[in-house]
Amino acid sequence: MATSLGSNTYNRQNWEDSDFPILCQTCLGENPYIRMTKEKYGKECKICARPFTVFRWCPGVRMRFKKTEVCQTCSKMKNVCQTCLLDLEYGLPIQVRDTGLSVKDEVPKSDVNKEYYTQNMEREISNSDGTRPVGALGKAPGSSDMLLKLARTTPYYKRNRPHICSFWVKGECRRGEECPYRHEKPTDPDDPLADQNIKDRYYGINDPVADKLLKRASAMPRLDPPEDKSITTLYVGGLGESITDSEIRNHFYQFGEIRTITIVQRQQCAFIQFATRQSAEMAAEKSFNKLIVNGRRLNVKWGRSQAARGKDRDKDGVTESGIRLEPVPGLPGALPPPPMSDDDTSANYFNLAPTSAPAVMNLGLPPPPGVAMPPPPGFGPPMYNSMDPMAPPMAPPMAPPMAPPMVMRPPGQVHYPSQDPHRMGAHASRLGGP
């Protein structure tokens with residue numbers, strides 16, 4: 001340390017002695033029962049170089065041991081955690097917080113000016129009630145839209161994980177599962193987040209984490225109102241099971257008259273319908289990416305019109321209340337669309353597979369030359385008995401005409417194989433002949 005603990009100097013009365021550290025919830029850990037070691041005047045503050053009481057603890061299982069890095073005076077001047085140096089209210093770096101609140105707090109960096117500035121701030125802290133920050137931060141406005149969008153609502157315990165084992169990276173670690181460090185591949189050394197300085201974070205300059213968050217804030221999406229002026233409904237998602245109707249109404253009633261509030265417990269969302277479009281636009285502007293109820297960040301969007309909601313409901317199988325219907329097993333699927341091309345104009349209404357031989361249509365084609373067309377049944381010459389004396393003399397029998405080849409045979413009036421006159425075994429009575 002810069003000053004010996006046994007020497008009697010005039011600065012010894014300014015050495016800090018405290019009973020409990022100023023920590024954020026992430027650094028403290030998720031276990032409410034932790035053991036913490038206290039070392040009076042253990043190290044000097046990394047900002048003001050004055051000895052202070054050092055606390056050391058383990059925030060959880062498979063986590064690394066953490067300790068306080070700055071004194072409580074420096075922590076109260078910036079309203080930050082003594083370990084991670086992030087803002088206690090928003091959980092953001094000092095550079096991001098000062099940019100969002102438009103605060104310009106220039107802490108002197110020389111030893112003499114820093115000591116004088118620290119003594120004045122200690123006097124101001126002792127005169128305050130301790131509930132509000134001091135200095136330029138205490139005179140800043142209450143909140144900022146950008147800070148509310150970037151702020152964390154839940155602790156980020158991954159920040160307490162052990163460091164990467166350098167021996168494992170070189171392939172020389174022999175501890176195996178008993179190694180208290182992480183066996184993971186390190187990040188890119190050219191990554192700006194790999195080079196962080198505690199003084200740059202405290203003074204709010206050249207902080208790579210702050211630069212990343214500020215770039216994210218500049219590219220953050222906006223909630224534009226829909227073109228349909230009849231829409232006065234807002235969708236609120238991520239309610240959980242603990243948020244009630246009265247808690248939602250207590251937040252949204254300040255923007256205007258509320259017509260209805262519908263909560264869908266299964267989807268954990270709600271629909272708030274305002275009486276006027278102006279009230280709905282004001283509520284959407286003031287609540288988008290800013291609404292936090294019971295420690296939960298809620299997602300606010302514009303509702304959709306009845307026509308658009310009906311189309312989506314028919315497409316996705318969702319009811320008007322937002323409940324998704326499960327498909328019923330055993331029901332047939334949808335019929336295929338009708339063919340659009342000219343080749344697929346067959347009237348196949350029952351989705352039958354095509355047969356191997358196409359159906360032959362009975363068309364009355366003329367007989368080939370040299371073949372007489374047989375008369376239809378009932379219209380042939382009159383029939384006489386061979387013993388009747390009035391019967392005319394019968395002409396000598398003539399040889400039947402040669403049957404046309406199979407490929408040239410016309411279908412004519414043949415409907416069944418038994419009616420084919422050229423088929424072997426065909427009876428004359430069936431054909432209507434003599």
# chains A, B, ... in the order shown; residues from 1 in each chain; ligands from 1
call {"tool": "select_by_dssp", "arguments": {"residues": "segment 30-269 of chain A", "states": "helix (DSSP H, G or I)", "output": "NGL selection string"}}
result
:A and (72-78 or 94-101 or 111-127 or 137-139 or 145-150 or 157-160 or 166-169 or 176-178 or 192-194 or 198-203 or 208-218 or 245-255)
call {"tool": "residues_around", "arguments": {"residues": "Thr26 of chain A", "least_positions_apart": "2", "cutoff": "7 Å", "atoms": "only C-alpha atoms", "output": "PyMOL selection string"}}
result
chain A and resi 24+28-29+155-157
call {"tool": "write_last_selection", "arguments": {"atoms": "N, CA, C and O atoms", "output": "mmCIF file, in the first residue's frame"}}
result
data_model
loop_
_atom_site.group_PDB
_atom_site.id
_atom_site.type_symbol
_atom_site.label_atom_id
_atom_site.label_comp_id
_atom_site.auth_asym_id
_atom_site.auth_seq_id
_atom_site.Cartn_x
_atom_site.Cartn_y
_atom_site.Cartn_z
ATOM 1 N N CYS A 24 -24.256 -4.770 -5.515
ATOM 2 C CA CYS A 24 -25.453 -5.014 -6.316
ATOM 3 C C CYS A 24 -25.907 -6.457 -6.105
ATOM 4 O O CYS A 24 -25.186 -7.281 -5.543
ATOM 5 N N LEU A 28 -23.666 -9.968 -5.147
ATOM 6 C CA LEU A 28 -23.964 -10.611 -3.874
ATOM 7 C C LEU A 28 -24.305 -12.083 -4.047
ATOM 8 O O LEU A 28 -24.029 -12.898 -3.166
ATOM 9 N N GLY A 29 -24.892 -12.450 -5.197
ATOM 10 C CA GLY A 29 -25.213 -13.853 -5.465
ATOM 11 C C GLY A 29 -26.640 -14.198 -5.136
ATOM 12 O O GLY A 29 -27.368 -13.432 -4.482
ATOM 13 N N PRO A 155 -30.976 -10.271 -12.090
ATOM 14 C CA PRO A 155 -29.516 -10.373 -11.931
ATOM 15 C C PRO A 155 -28.896 -11.270 -13.005
ATOM 16 O O PRO A 155 -29.515 -12.226 -13.485
ATOM 17 N N TYR A 156 -27.658 -10.953 -13.354
ATOM 18 C CA TYR A 156 -26.918 -11.710 -14.359
ATOM 19 C C TYR A 156 -25.799 -12.450 -13.643
ATOM 20 O O TYR A 156 -24.673 -11.967 -13.521
ATOM 21 N N TYR A 157 -26.115 -13.667 -13.147
ATOM 22 C CA TYR A 157 -25.176 -14.404 -12.314
ATOM 23 C C TYR A 157 -24.023 -15.023 -13.104
ATOM 24 O O TYR A 157 -23.045 -15.468 -12.501
#
call {"tool": "residues_around", "arguments": {"residues": "segment 71-87 of chain A", "least_positions_apart": "2", "cutoff": "6 Å", "atoms": "only C-alpha atoms", "output": "PyMOL selection string"}}
result
chain A and resi 22-24+45+52+68-69+89-93
call {"tool": "write_last_selection", "arguments": {"atoms": "all heavy atoms", "output": "compact mmCIF listing (two decimals), in the first residue's frame"}}
result
# COMPACT_ATOMS: atom_id res chain seq x y z
N ILE A 22 -21.24 -2.16 0.01
CA ILE A 22 -22.29 -1.67 -0.90
C ILE A 22 -22.18 -2.49 -2.18
O ILE A 22 -21.25 -2.31 -2.97
CB ILE A 22 -22.11 -0.17 -1.19
CG1 ILE A 22 -22.18 0.63 0.11
CG2 ILE A 22 -23.18 0.31 -2.17
CD1 ILE A 22 -21.91 2.11 -0.08
N LEU A 23 -23.13 -3.42 -2.37
CA LEU A 23 -23.05 -4.36 -3.48
C LEU A 23 -24.36 -4.37 -4.24
O LEU A 23 -25.44 -4.07 -3.70
CB LEU A 23 -22.75 -5.77 -2.97
CG LEU A 23 -21.45 -5.96 -2.18
CD1 LEU A 23 -21.39 -7.38 -1.64
CD2 LEU A 23 -20.24 -5.65 -3.03
N CYS A 24 -24.26 -4.77 -5.51
CA CYS A 24 -25.45 -5.01 -6.32
C CYS A 24 -25.91 -6.46 -6.11
O CYS A 24 -25.19 -7.28 -5.54
CB CYS A 24 -25.17 -4.75 -7.80
SG CYS A 24 -23.91 -5.83 -8.52
N CYS A 45 -7.94 1.76 -1.83
CA CYS A 45 -8.94 1.95 -2.89
C CYS A 45 -8.22 2.17 -4.22
O CYS A 45 -7.22 2.89 -4.29
CB CYS A 45 -9.84 3.13 -2.56
SG CYS A 45 -11.06 3.52 -3.84
N PHE A 52 -9.12 0.91 3.07
CA PHE A 52 -10.53 0.69 3.39
C PHE A 52 -10.71 -0.76 3.79
O PHE A 52 -9.81 -1.60 3.64
CB PHE A 52 -11.43 1.06 2.20
CG PHE A 52 -11.38 0.06 1.07
CD1 PHE A 52 -12.41 -0.84 0.86
CD2 PHE A 52 -10.28 0.01 0.21
CE1 PHE A 52 -12.37 -1.75 -0.16
CE2 PHE A 52 -10.23 -0.90 -0.82
CZ PHE A 52 -11.28 -1.77 -1.02
N THR A 68 -14.40 -6.55 -2.58
CA THR A 68 -14.62 -5.14 -2.87
C THR A 68 -13.35 -4.52 -3.42
O THR A 68 -12.24 -4.82 -2.97
CB THR A 68 -15.07 -4.40 -1.60
OG1 THR A 68 -14.12 -4.65 -0.55
CG2 THR A 68 -16.44 -4.89 -1.15
N GLU A 69 -13.51 -3.63 -4.40
CA GLU A 69 -12.37 -3.04 -5.10
C GLU A 69 -12.17 -1.57 -4.77
O GLU A 69 -11.04 -1.08 -4.82
CB GLU A 69 -12.55 -3.20 -6.62
CG GLU A 69 -12.75 -4.62 -7.09
CD GLU A 69 -11.50 -5.47 -6.94
OE1 GLU A 69 -10.41 -4.90 -6.72
OE2 GLU A 69 -11.61 -6.72 -7.03
N GLU A 89 -28.81 1.41 -9.63
CA GLU A 89 -30.22 1.52 -10.00
C GLU A 89 -30.52 0.85 -11.33
O GLU A 89 -31.55 0.17 -11.47
CB GLU A 89 -30.62 3.00 -10.07
CG GLU A 89 -32.09 3.22 -10.38
CD GLU A 89 -32.46 4.68 -10.37
OE1 GLU A 89 -31.58 5.52 -10.06
OE2 GLU A 89 -33.63 5.01 -10.65
N TYR A 90 -29.67 1.01 -12.32
CA TYR A 90 -29.93 0.48 -13.66
C TYR A 90 -29.06 -0.73 -14.00
O TYR A 90 -29.37 -1.46 -14.95
CB TYR A 90 -29.69 1.57 -14.72
CG TYR A 90 -30.55 2.78 -14.55
CD1 TYR A 90 -30.04 3.95 -14.00
CD2 TYR A 90 -31.90 2.78 -14.92
CE1 TYR A 90 -30.83 5.08 -13.84
CE2 TYR A 90 -32.70 3.89 -14.76
CZ TYR A 90 -32.15 5.05 -14.22
OH TYR A 90 -32.94 6.15 -14.06
N GLY A 91 -27.97 -0.95 -13.26
CA GLY A 91 -27.07 -2.04 -13.60
C GLY A 91 -26.28 -1.80 -14.86
O GLY A 91 -25.91 -2.75 -15.56
N LEU A 92 -26.00 -0.54 -15.20
CA LEU A 92 -25.31 -0.16 -16.42
C LEU A 92 -23.99 0.52 -16.08
O LEU A 92 -23.81 1.03 -14.97
CB LEU A 92 -26.18 0.78 -17.26
CG LEU A 92 -27.53 0.22 -17.73
CD1 LEU A 92 -28.34 1.31 -18.39
CD2 LEU A 92 -27.32 -0.94 -18.69
N PRO A 93 -23.05 0.56 -17.03
CA PRO A 93 -21.81 1.30 -16.79
C PRO A 93 -22.06 2.79 -16.57
O PRO A 93 -23.09 3.34 -16.97
CB PRO A 93 -20.99 1.05 -18.06
CG PRO A 93 -21.56 -0.21 -18.65
CD PRO A 93 -23.01 -0.20 -18.28
call {"tool": "closest_residue", "arguments": {"among": "A:Lys212, A:Lys109, A:Arg266, A:Lys43", "to": "Leu150 of chain A", "atoms": "only C-alpha atoms"}}
result
A:Lys212
call {"tool": "atom_distance", "arguments": {"atom1": "atom CA of Thr233 of chain A", "atom2": "atom CA of Arg277 of chain A"}}
result
8.7 Å
call {"tool": "residues_around", "arguments": {"residues": "Asn299 of chain A", "least_positions_apart": "4", "cutoff": "10 Å", "atoms": "only C-alpha atoms", "output": "list in words"}}
result
Tyr235, Val236, Gly237, Gly238, Leu239, Cys269, Ser287, Phe288, Asn289, Lys290, Leu291 and Ile292 of chain A
call {"tool": "residues_around", "arguments": {"residues": "segment 164-176 of chain A", "least_positions_apart": "4", "cutoff": "10 Å", "atoms": "only C-alpha atoms", "output": "PyMOL selection string"}}
result
chain A and resi 180-187
call {"tool": "residues_around", "arguments": {"residues": "Thr37 of chain A", "least_positions_apart": "5", "cutoff": "7 Å", "atoms": "only C-alpha atoms", "output": "ChimeraX atom specification"}}
result
/A:55-57
call {"tool": "atom_distance", "arguments": {"atom1": "atom CA of Pro141 of chain A", "atom2": "atom CA of Val103 of chain A"}}
result
9.4 Å
call {"tool": "residues_around", "arguments": {"residues": "segment 190-192 of chain A", "least_positions_apart": "3", "cutoff": "9 Å", "atoms": "only C-alpha atoms", "output": "ChimeraX atom specification"}}
result
/A:187,195-196,208-209
call {"tool": "atom_distance", "arguments": {"atom1": "atom CA of Lys46 of chain A", "atom2": "atom CA of Lys114 of chain A"}}
result
12.7 Å
call {"tool": "select_by_dssp", "arguments": {"residues": "segment 82-270 of chain A", "states": "strand (DSSP E or B)", "output": "list in words"}}
result
Asp87, Ile164, Arg182, Thr233, Leu234, Tyr235, Val236, Gly237, Ile258, Arg259, Thr260, Ile261, Thr262, Ile263, Val264, Cys269 and Ala270 of chain A
call {"tool": "write_last_selection", "arguments": {"atoms": "C-alpha atoms", "output": "PDB file, in the first residue's frame"}}
result
ATOM      1  CA  ASP A  87     -24.811   1.616 -11.414  1.00  0.00           C
ATOM      2  CA  ILE A 164     -10.627 -19.461 -17.795  1.00  0.00           C
ATOM      3  CA  ARG A 182     -13.326 -22.812 -16.364  1.00  0.00           C
ATOM      4  CA  THR A 233     -55.940  -1.849 -28.673  1.00  0.00           C
ATOM      5  CA  LEU A 234     -52.513  -2.626 -27.217  1.00  0.00           C
ATOM      6  CA  TYR A 235     -51.057  -6.096 -26.736  1.00  0.00           C
ATOM      7  CA  VAL A 236     -49.082  -6.708 -23.509  1.00  0.00           C
ATOM      8  CA  GLY A 237     -47.092  -9.953 -23.346  1.00  0.00           C
ATOM      9  CA  ILE A 258     -59.797   2.338 -20.813  1.00  0.00           C
ATOM     10  CA  ARG A 259     -62.704   0.551 -22.452  1.00  0.00           C
ATOM     11  CA  THR A 260     -61.830  -3.084 -21.748  1.00  0.00           C
ATOM     12  CA  ILE A 261     -58.933  -5.197 -20.413  1.00  0.00           C
ATOM     13  CA  THR A 262     -58.847  -8.840 -21.481  1.00  0.00           C
ATOM     14  CA  ILE A 263     -56.296 -11.172 -19.870  1.00  0.00           C
ATOM     15  CA  VAL A 264     -55.505 -14.539 -21.485  1.00  0.00           C
ATOM     16  CA  CYS A 269     -50.838 -11.792 -22.295  1.00  0.00           C
ATOM     17  CA  ALA A 270     -53.458  -9.045 -22.124  1.00  0.00           C
TER      18      ALA A 270
END
